[in-house]
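Visitor: Dumping the structure here so I can ask a few things about it.
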Amino acid sequence: MSCAHLSSIRLDREWFRKSETKSSNGRKLHIRGSVASTSQSVRFAEAKSEKSGKAVRIGVLGASGYTGSEIVRLLANHPYFGITVMTADRKAGQSIGSVFPHLITQLDLPDMVAVKDANFSNVDAVFCCLPHGTTQDIIAALPKSLKIVDLSADFRLREIAEYEEWYGQPHRAPDLQKEAVYGLTEILREEIKVARLVANPGCYPTSIQLPLVPLLKANLIETRNLIIDAKSGVSGAGRGAKEANLYTEIAEGIHSYGITSHRHVPEIEQGLSDAANSKVTVSFTPHLMPMSRGMQSTIYVEMTSGVTIEDLYQQLKIAYEDEEFVILLEKGVVPHTRNVCGSNYCLLNVFPDRIPGRAIIVSVIDNLVKGASGQALQNLNVMMGYPENTGLLYQPLFP
């Protein structure tokens with residue numbers, strides 16, 4: 001290798017090294033730079049060498065779905081996690097690039113196999129991206145040495161009777177349910193650190209609990225009259241072929257669904273009740289929007305006696321000023337889904353209602369990243385002892 005190549009590699013590494021500075025409001029800013037001076041062949045050889053030595057071997061169960069493919073995308077630049085097993089029963093034998101052409105450059109990944117044929121002897125941790133109801137038996141059969149982040153709803157509800165009520169089938173792994181830790185990272189970080197099995201939160205519950213939990217813990221809002229109007233991109237409904245998700249059914253309109261009966265309701269109420277130390281019941285209505293990804297929850301709350309909008313704002317500021325992925329915007333700035341697309345960020349803000357004593361909170365996330373795969377990676381980073389933001393410093397994609 002020429003001296004010029006060695007010099008340029010050293011320069012590239014220096015530029016790609018993460019540096020930190022502080023903005024005027026005290027938040028850490030993460031700055032990355034690049035120098036396009038090394039030949040493509042040298043870059044590829046170096047990257048391939050680094051990937052082969054990754055410390056944690058990852059299995060992705062259900063890699064052919066949207067959340068599975070997002071895990072693959074996010075792990076492409078993770079310095080410590082490398083995929084060694086991918087499963088997809090209906091796509092067994094195929095490469096990830098043939099199923100998701102946007103991942104065609106991921107040439108060093110194994111072909112997908114059926115779950116029953118997967119070899120977990122070279123796996124340290126698993127992302128389980130399978131539909132609810134199918135996950136319990138599969139996770140129960142996995143080696144007990146594995147760290148697991150489950151993206152389905154199967155282990156989110158502590159009460160198995162409640163799971164049966166909302167999901168229409170008995171829970172088949174009650175012992176595992178007792179072991180599972182709910183994975184709302186910013187709220188339950190210490191519990192996640194020592195967990196073997198983490199139940200990754202749903203997308204709606206993530207966007208709703210992040211703003212409400214600190215306010216309920218501080219007794220700044222009432223536990224009654226909580227009204228949540230939430231909207232999601234169609235990818236939140238999954239990749240399965242469904243008539244309700246056809247273009248002509250979704251495009252050029254708003255599709256309300258699950259009115260009073262959406263399966264995320266008990267998960268939302270469980271988390272809010274924990275924060276309030278009393279039973280919380282919400283009025284929650286979700287809607288599908290004619291967009292691929294993105295989620296906004298508009299939340300209407302009643303403030304407790306003597307509390308002001310400024311009190312709510314300052315409490316959220318205190319709760320999240322040191323958090324990388326939850327951003328309280330400047331006063332008066334409205335969060336928009338387009339400003340979080342493809343990223344692990346949650347943007348939120350609080351506004352005065354015209355009705356005295358009430359407030360309006362707006363929270364936005366990417367439903368596939370912070371609402372699913374990004375938060376799952378954030379959780380596994382915590383579980384494995386790596387910096388929480390590793391592999392997650394993708395900036396939002398706009399326009």
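Residue numbers start at 1 in each chain; chains themselves are named A, B, ... in the order of the structure tokens; ligands are numbered from 1 in the order shown.
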Could you give me, as a short mmCIF file (atom, residue, chain, number, x, y, z; two decimals) with N, CA, C and O atoms, in the first residue's frame, the residues within 8 Å of Ser207 in chain A, counting only C-alpha atoms and dropping anything in the same chain fewer than 4 positions from it?

Guide:
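Now in around_11.cif:
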```cif
data_model
loop_
_atom_site.label_atom_id
_atom_site.label_comp_id
_atom_site.auth_asym_id
_atom_site.auth_seq_id
_atom_site.Cartn_x
_atom_site.Cartn_y
_atom_site.Cartn_z
N CYS A 203 -44.96 2.10 19.00
CA CYS A 203 -44.69 3.43 18.46
C CYS A 203 -45.57 4.50 19.10
O CYS A 203 -45.07 5.52 19.60
N PRO A 211 -43.53 12.53 26.63
CA PRO A 211 -43.91 13.83 27.20
C PRO A 211 -44.73 13.73 28.48
O PRO A 211 -44.62 14.61 29.35
N MET A 295 -44.82 9.94 12.87
CA MET A 295 -45.91 9.82 13.84
C MET A 295 -45.99 11.11 14.65
O MET A 295 -44.98 11.67 15.07
N GLN A 296 -47.22 11.59 14.83
CA GLN A 296 -47.46 12.75 15.68
C GLN A 296 -48.57 12.42 16.67
O GLN A 296 -49.62 11.92 16.29
N SER A 297 -48.30 12.71 17.93
CA SER A 297 -49.32 12.61 18.97
C SER A 297 -49.61 14.01 19.48
O SER A 297 -48.71 14.69 19.97
N CYS A 346 -37.00 12.28 19.15
CA CYS A 346 -38.36 12.67 19.48
C CYS A 346 -38.33 14.17 19.73
O CYS A 346 -37.58 14.64 20.60
N SER A 363 -45.94 15.83 20.13
CA SER A 363 -44.77 14.96 20.16
C SER A 363 -44.66 14.25 18.82
O SER A 363 -45.64 13.70 18.33
N VAL A 364 -43.47 14.27 18.20
CA VAL A 364 -43.28 13.61 16.91
C VAL A 364 -42.07 12.68 16.94
O VAL A 364 -41.06 12.98 17.58
N ILE A 365 -42.21 11.54 16.27
CA ILE A 365 -41.12 10.58 16.11
C ILE A 365 -41.22 9.96 14.72
O ILE A 365 -42.22 10.12 14.03
N GLY A 371 -39.77 4.85 17.26
CA GLY A 371 -40.96 4.08 17.59
C GLY A 371 -40.79 2.58 17.45
O GLY A 371 -41.72 1.82 17.74
#
```

Visitor: Check the DSSP output for the backbone and give back, as a PyMOL selection string, the residues of range 18-206 of chain A in alpha helix (DSSP H).

Guide: chain A and resi 40-52+66-75+96-99+135-141+160-167+174-179+185-193+203-206

Visitor: Could you write out, as a PyMOL selection string, all the residues of range 235-332 of chain A that DSSP marks as strand (DSSP E or B)?

Guide: chain A and resi 255-256+282-289+295-303+326-328

Visitor: Using the selection just defined, write its residues with N, CA, C and O atoms as a short mmCIF file (atom, residue, chain, number, x, y, z; two decimals), in the first residue's frame.

Guide:
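Okay, this is what ended up in result-v8.cif:
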```
data_model
loop_
_atom_site.label_atom_id
_atom_site.label_comp_id
_atom_site.auth_asym_id
_atom_site.auth_seq_id
_atom_site.Cartn_x
_atom_site.Cartn_y
_atom_site.Cartn_z
N HIS A 255 -57.39 8.06 7.74
CA HIS A 255 -58.08 6.82 8.05
C HIS A 255 -58.05 6.58 9.56
O HIS A 255 -57.04 6.14 10.12
N SER A 256 -59.15 6.89 10.25
CA SER A 256 -59.24 6.60 11.68
C SER A 256 -59.50 5.11 11.88
O SER A 256 -60.22 4.49 11.08
N VAL A 282 -57.16 6.79 29.39
CA VAL A 282 -57.02 7.81 28.35
C VAL A 282 -58.08 7.63 27.28
O VAL A 282 -58.62 6.53 27.07
N SER A 283 -58.36 8.72 26.59
CA SER A 283 -59.17 8.68 25.37
C SER A 283 -58.20 8.78 24.21
O SER A 283 -57.57 9.82 24.00
N PHE A 284 -58.04 7.68 23.46
CA PHE A 284 -56.99 7.57 22.44
C PHE A 284 -57.59 7.19 21.10
O PHE A 284 -58.29 6.18 21.00
N THR A 285 -57.34 8.01 20.09
CA THR A 285 -57.80 7.71 18.74
C THR A 285 -56.63 7.82 17.76
O THR A 285 -56.06 8.90 17.60
N PRO A 286 -56.25 6.69 17.12
CA PRO A 286 -55.18 6.73 16.13
C PRO A 286 -55.72 6.89 14.71
O PRO A 286 -56.88 6.57 14.43
N HIS A 287 -54.86 7.40 13.83
CA HIS A 287 -55.23 7.60 12.43
C HIS A 287 -54.04 7.21 11.55
O HIS A 287 -52.89 7.48 11.90
N LEU A 288 -54.33 6.59 10.41
CA LEU A 288 -53.30 6.37 9.40
C LEU A 288 -53.32 7.56 8.44
O LEU A 288 -54.38 8.01 8.00
N MET A 289 -52.11 8.03 8.13
CA MET A 289 -51.95 9.16 7.22
C MET A 289 -51.32 8.70 5.92
O MET A 289 -50.56 7.74 5.91
N MET A 295 -44.82 9.94 12.87
CA MET A 295 -45.91 9.82 13.84
C MET A 295 -45.99 11.11 14.65
O MET A 295 -44.98 11.67 15.07
N GLN A 296 -47.22 11.59 14.83
CA GLN A 296 -47.46 12.75 15.68
C GLN A 296 -48.57 12.42 16.67
O GLN A 296 -49.62 11.92 16.29
N SER A 297 -48.30 12.71 17.93
CA SER A 297 -49.32 12.61 18.97
C SER A 297 -49.61 14.01 19.48
O SER A 297 -48.71 14.69 19.97
N THR A 298 -50.86 14.42 19.36
CA THR A 298 -51.32 15.69 19.91
C THR A 298 -52.14 15.36 21.14
O THR A 298 -53.15 14.66 21.06
N ILE A 299 -51.69 15.86 22.30
CA ILE A 299 -52.21 15.41 23.59
C ILE A 299 -52.81 16.60 24.33
O ILE A 299 -52.15 17.64 24.48
N TYR A 300 -54.02 16.45 24.78
CA TYR A 300 -54.74 17.51 25.49
C TYR A 300 -54.83 17.14 26.97
O TYR A 300 -55.37 16.08 27.31
N VAL A 301 -54.28 17.99 27.83
CA VAL A 301 -54.19 17.68 29.25
C VAL A 301 -54.78 18.81 30.08
O VAL A 301 -54.84 19.97 29.66
N GLU A 302 -55.20 18.45 31.29
CA GLU A 302 -55.68 19.42 32.27
C GLU A 302 -54.60 19.60 33.34
O GLU A 302 -54.16 18.62 33.95
N MET A 303 -54.17 20.83 33.56
CA MET A 303 -53.14 21.10 34.56
C MET A 303 -53.73 21.05 35.96
O MET A 303 -54.89 21.39 36.17
N VAL A 326 -34.31 12.96 22.94
CA VAL A 326 -35.58 13.64 23.22
C VAL A 326 -35.29 15.13 23.30
O VAL A 326 -34.55 15.59 24.19
N ILE A 327 -35.86 15.88 22.38
CA ILE A 327 -35.55 17.30 22.23
C ILE A 327 -36.78 18.14 22.50
O ILE A 327 -37.79 18.04 21.78
N LEU A 328 -36.71 18.97 23.54
CA LEU A 328 -37.75 19.96 23.80
C LEU A 328 -37.40 21.19 22.98
O LEU A 328 -36.34 21.80 23.17
#
```

Visitor: To one decimal place in Å, what is the distance between CA of Ala376 in chain A and CA of Leu197 in chain A?

Guide: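 Separating CA of Ala376 in chain A from CA of Leu197 in chain A is a distance of 11.4 Å.
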
Visitor: Go through A:Ser98, A:Thr304, A:Met86, A:Gly93 one by one, measure the shortest atom-to-atom distance of each to Asn119 in chain A using only C-alpha atoms, and give the residue with the smallest value.

Guide: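 Closest residue, counting only C-alpha atoms: A:Met86.
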
Visitor: Could you tell me how far CA of Phe127 in chain A sits from CA of Gly59 in chain A, in Å to one decimal place?

Guide: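 Rounded to one decimal, the two atoms are 6.3 Å apart.
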
Visitor: Which residue gives the smallest distance to Arg196 in chain A among A:Pro387, A:Pro290, A:Gly271, A:Gly183, with only C-alpha atoms counted?

Guide: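 Under the stated criterion, the closest residue is A:Gly183.
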
Visitor: If we count only C-alpha atoms and set the cut-off at 9 Å, which residues sit around Ser305 in chain A, ignoring sequence neighbours fewer than 4 positions away in its own chain? Please answer as a list in words.

Guide: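 Non-adjacent residues within range: Leu220, Ile221 and Gly357 of chain A.
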
Visitor: Write out the residues from the selection above, keeping N, CA, C and O atoms, as a short mmCIF file (atom, residue, chain, number, x, y, z; two decimals), in the first residue's frame.

Guide:
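Saved result, again_25.cif, follows:
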```
data_model
loop_
_atom_site.label_atom_id
_atom_site.label_comp_id
_atom_site.auth_asym_id
_atom_site.auth_seq_id
_atom_site.Cartn_x
_atom_site.Cartn_y
_atom_site.Cartn_z
N LEU A 220 -48.04 17.51 37.82
CA LEU A 220 -48.35 18.79 37.18
C LEU A 220 -49.59 18.73 36.31
O LEU A 220 -50.14 19.78 35.94
N ILE A 221 -50.03 17.52 35.96
CA ILE A 221 -51.25 17.37 35.17
C ILE A 221 -52.18 16.37 35.83
O ILE A 221 -51.73 15.47 36.56
N GLY A 357 -56.65 26.54 32.04
CA GLY A 357 -56.28 25.38 32.83
C GLY A 357 -55.89 24.16 32.02
O GLY A 357 -55.55 23.12 32.59
#
```

Visitor: Which neighbours of Val181 in chain A fall inside 7 Å, counting only C-alpha atoms, when residues of the same chain fewer than 5 positions from it are skipped, and could you give them as a list of chain:residue names?

Guide: A:Glu191, A:Ile192, A:Ala195, A:Leu197, A:Val198, A:Ala199

Visitor: Could those selected residues go to a file with all heavy atoms, as a compact mmCIF listing (two decimals), in the first residue's frame?

Guide:
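Saved the output as result.txt:
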```
# COMPACT_ATOMS: atom_id res chain seq x y z
N GLU A 191 -33.11 -0.22 34.78
CA GLU A 191 -33.67 -1.57 34.70
C GLU A 191 -33.21 -2.27 33.42
O GLU A 191 -32.95 -3.48 33.42
CB GLU A 191 -35.19 -1.51 34.76
CG GLU A 191 -35.76 -1.07 36.10
CD GLU A 191 -35.84 0.45 36.25
OE1 GLU A 191 -35.25 1.18 35.43
OE2 GLU A 191 -36.51 0.90 37.20
N ILE A 192 -33.12 -1.53 32.35
CA ILE A 192 -32.71 -2.10 31.06
C ILE A 192 -31.26 -2.58 31.11
O ILE A 192 -30.90 -3.60 30.51
CB ILE A 192 -32.92 -1.06 29.94
CG1 ILE A 192 -34.42 -0.79 29.75
CG2 ILE A 192 -32.29 -1.52 28.62
CD1 ILE A 192 -34.74 0.45 28.93
N ALA A 195 -31.13 -6.16 32.27
CA ALA A 195 -32.15 -7.07 31.73
C ALA A 195 -31.55 -8.07 30.75
O ALA A 195 -30.56 -7.78 30.06
CB ALA A 195 -33.25 -6.26 31.05
N LEU A 197 -34.14 -9.83 28.82
CA LEU A 197 -35.21 -9.70 27.85
C LEU A 197 -35.88 -8.34 28.00
O LEU A 197 -36.39 -8.02 29.08
CB LEU A 197 -36.25 -10.81 28.05
CG LEU A 197 -37.57 -10.70 27.29
CD1 LEU A 197 -37.35 -10.69 25.78
CD2 LEU A 197 -38.52 -11.84 27.69
N VAL A 198 -35.85 -7.55 26.94
CA VAL A 198 -36.48 -6.23 26.95
C VAL A 198 -37.64 -6.21 25.97
O VAL A 198 -37.51 -6.64 24.82
CB VAL A 198 -35.46 -5.12 26.59
CG1 VAL A 198 -36.16 -3.81 26.26
CG2 VAL A 198 -34.48 -4.92 27.74
N ALA A 199 -38.79 -5.75 26.45
CA ALA A 199 -39.97 -5.58 25.61
C ALA A 199 -39.93 -4.16 25.04
O ALA A 199 -40.17 -3.18 25.76
CB ALA A 199 -41.24 -5.79 26.43
```

Visitor: Between CA of Thr281 in chain A and CA of Pro266 in chain A, what distance in Å does the model show, to one decimal?

Guide: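 Computing it gives 8.9 Å between the two atoms.
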
Visitor: Taking only C-alpha atoms into account, name the residue in A:Leu157, A:Cys128, A:Val85, A:Ala118 that is nearest to His264 in chain A.

Guide: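 With only C-alpha atoms as the atom set, the closest residue is A:Leu157.
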
Visitor: Report as a VMD selection string all protein, DNA and RNA residues lying within 12 Å of Leu216 in chain A, evaluated on only C-alpha atoms, omitting residues in the same chain fewer than 3 positions from it.

Guide: chain A and resid 209 to 213 219 to 224 226 271 to 280 301 to 304 312 315 to 316 319

Visitor: Can you tell me, as a PDB file with C-alpha atoms, in the first residue's frame, what residues are no more than 10 Å from Leu151 in chain A when counting only C-alpha atoms, ignoring any on the same chain fewer than 2 positions away?

Guide:
```pdb
ATOM      1  CA  THR A  67     -38.734  -3.147  11.565  1.00  0.00           C
ATOM      2  CA  GLY A  68     -36.308  -5.942  10.673  1.00  0.00           C
ATOM      3  CA  PHE A 127     -33.640  -8.512  17.802  1.00  0.00           C
ATOM      4  CA  CYS A 128     -37.009 -10.250  17.502  1.00  0.00           C
ATOM      5  CA  CYS A 129     -39.070  -8.447  14.851  1.00  0.00           C
ATOM      6  CA  LEU A 130     -41.877 -11.005  14.521  1.00  0.00           C
ATOM      7  CA  PRO A 131     -45.638 -10.319  14.764  1.00  0.00           C
ATOM      8  CA  HIS A 132     -47.358 -10.538  18.138  1.00  0.00           C
ATOM      9  CA  THR A 135     -42.886 -14.448  19.467  1.00  0.00           C
ATOM     10  CA  ILE A 148     -33.076 -10.283  23.558  1.00  0.00           C
ATOM     11  CA  VAL A 149     -34.947  -7.164  22.483  1.00  0.00           C
ATOM     12  CA  ALA A 153     -46.287  -6.600  21.841  1.00  0.00           C
ATOM     13  CA  ASP A 154     -45.956 -10.020  23.457  1.00  0.00           C
ATOM     14  CA  PHE A 155     -44.040  -8.976  26.586  1.00  0.00           C
ATOM     15  CA  ARG A 156     -45.111  -5.354  27.077  1.00  0.00           C
ATOM     16  CA  GLY A 183     -37.840  -0.749  27.224  1.00  0.00           C
ATOM     17  CA  VAL A 198     -36.475  -6.234  26.951  1.00  0.00           C
ATOM     18  CA  ALA A 199     -39.968  -5.576  25.607  1.00  0.00           C
ATOM     19  CA  ASN A 200     -39.504  -2.738  23.147  1.00  0.00           C
ATOM     20  CA  PRO A 201     -42.353  -0.198  23.401  1.00  0.00           C
ATOM     21  CA  GLY A 202     -44.896   0.362  20.669  1.00  0.00           C
ATOM     22  CA  GLY A 371     -40.962   4.081  17.590  1.00  0.00           C
ATOM     23  CA  ALA A 372     -39.405   0.675  16.887  1.00  0.00           C
ATOM     24  CA  SER A 373     -35.961  -0.323  15.576  1.00  0.00           C
ATOM     25  CA  GLN A 375     -35.214   2.426  20.269  1.00  0.00           C
ATOM     26  CA  ALA A 376     -34.514  -1.321  20.101  1.00  0.00           C
TER      27      ALA A 376
END
```

Visitor: Excluding same-chain residues fewer than 5 positions from Leu392 in chain A, what lies within 7 Å of it counting only C-alpha atoms, as a list in words?

Guide: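 Returned residues: Leu74, Asn344 and Gly374 of chain A.
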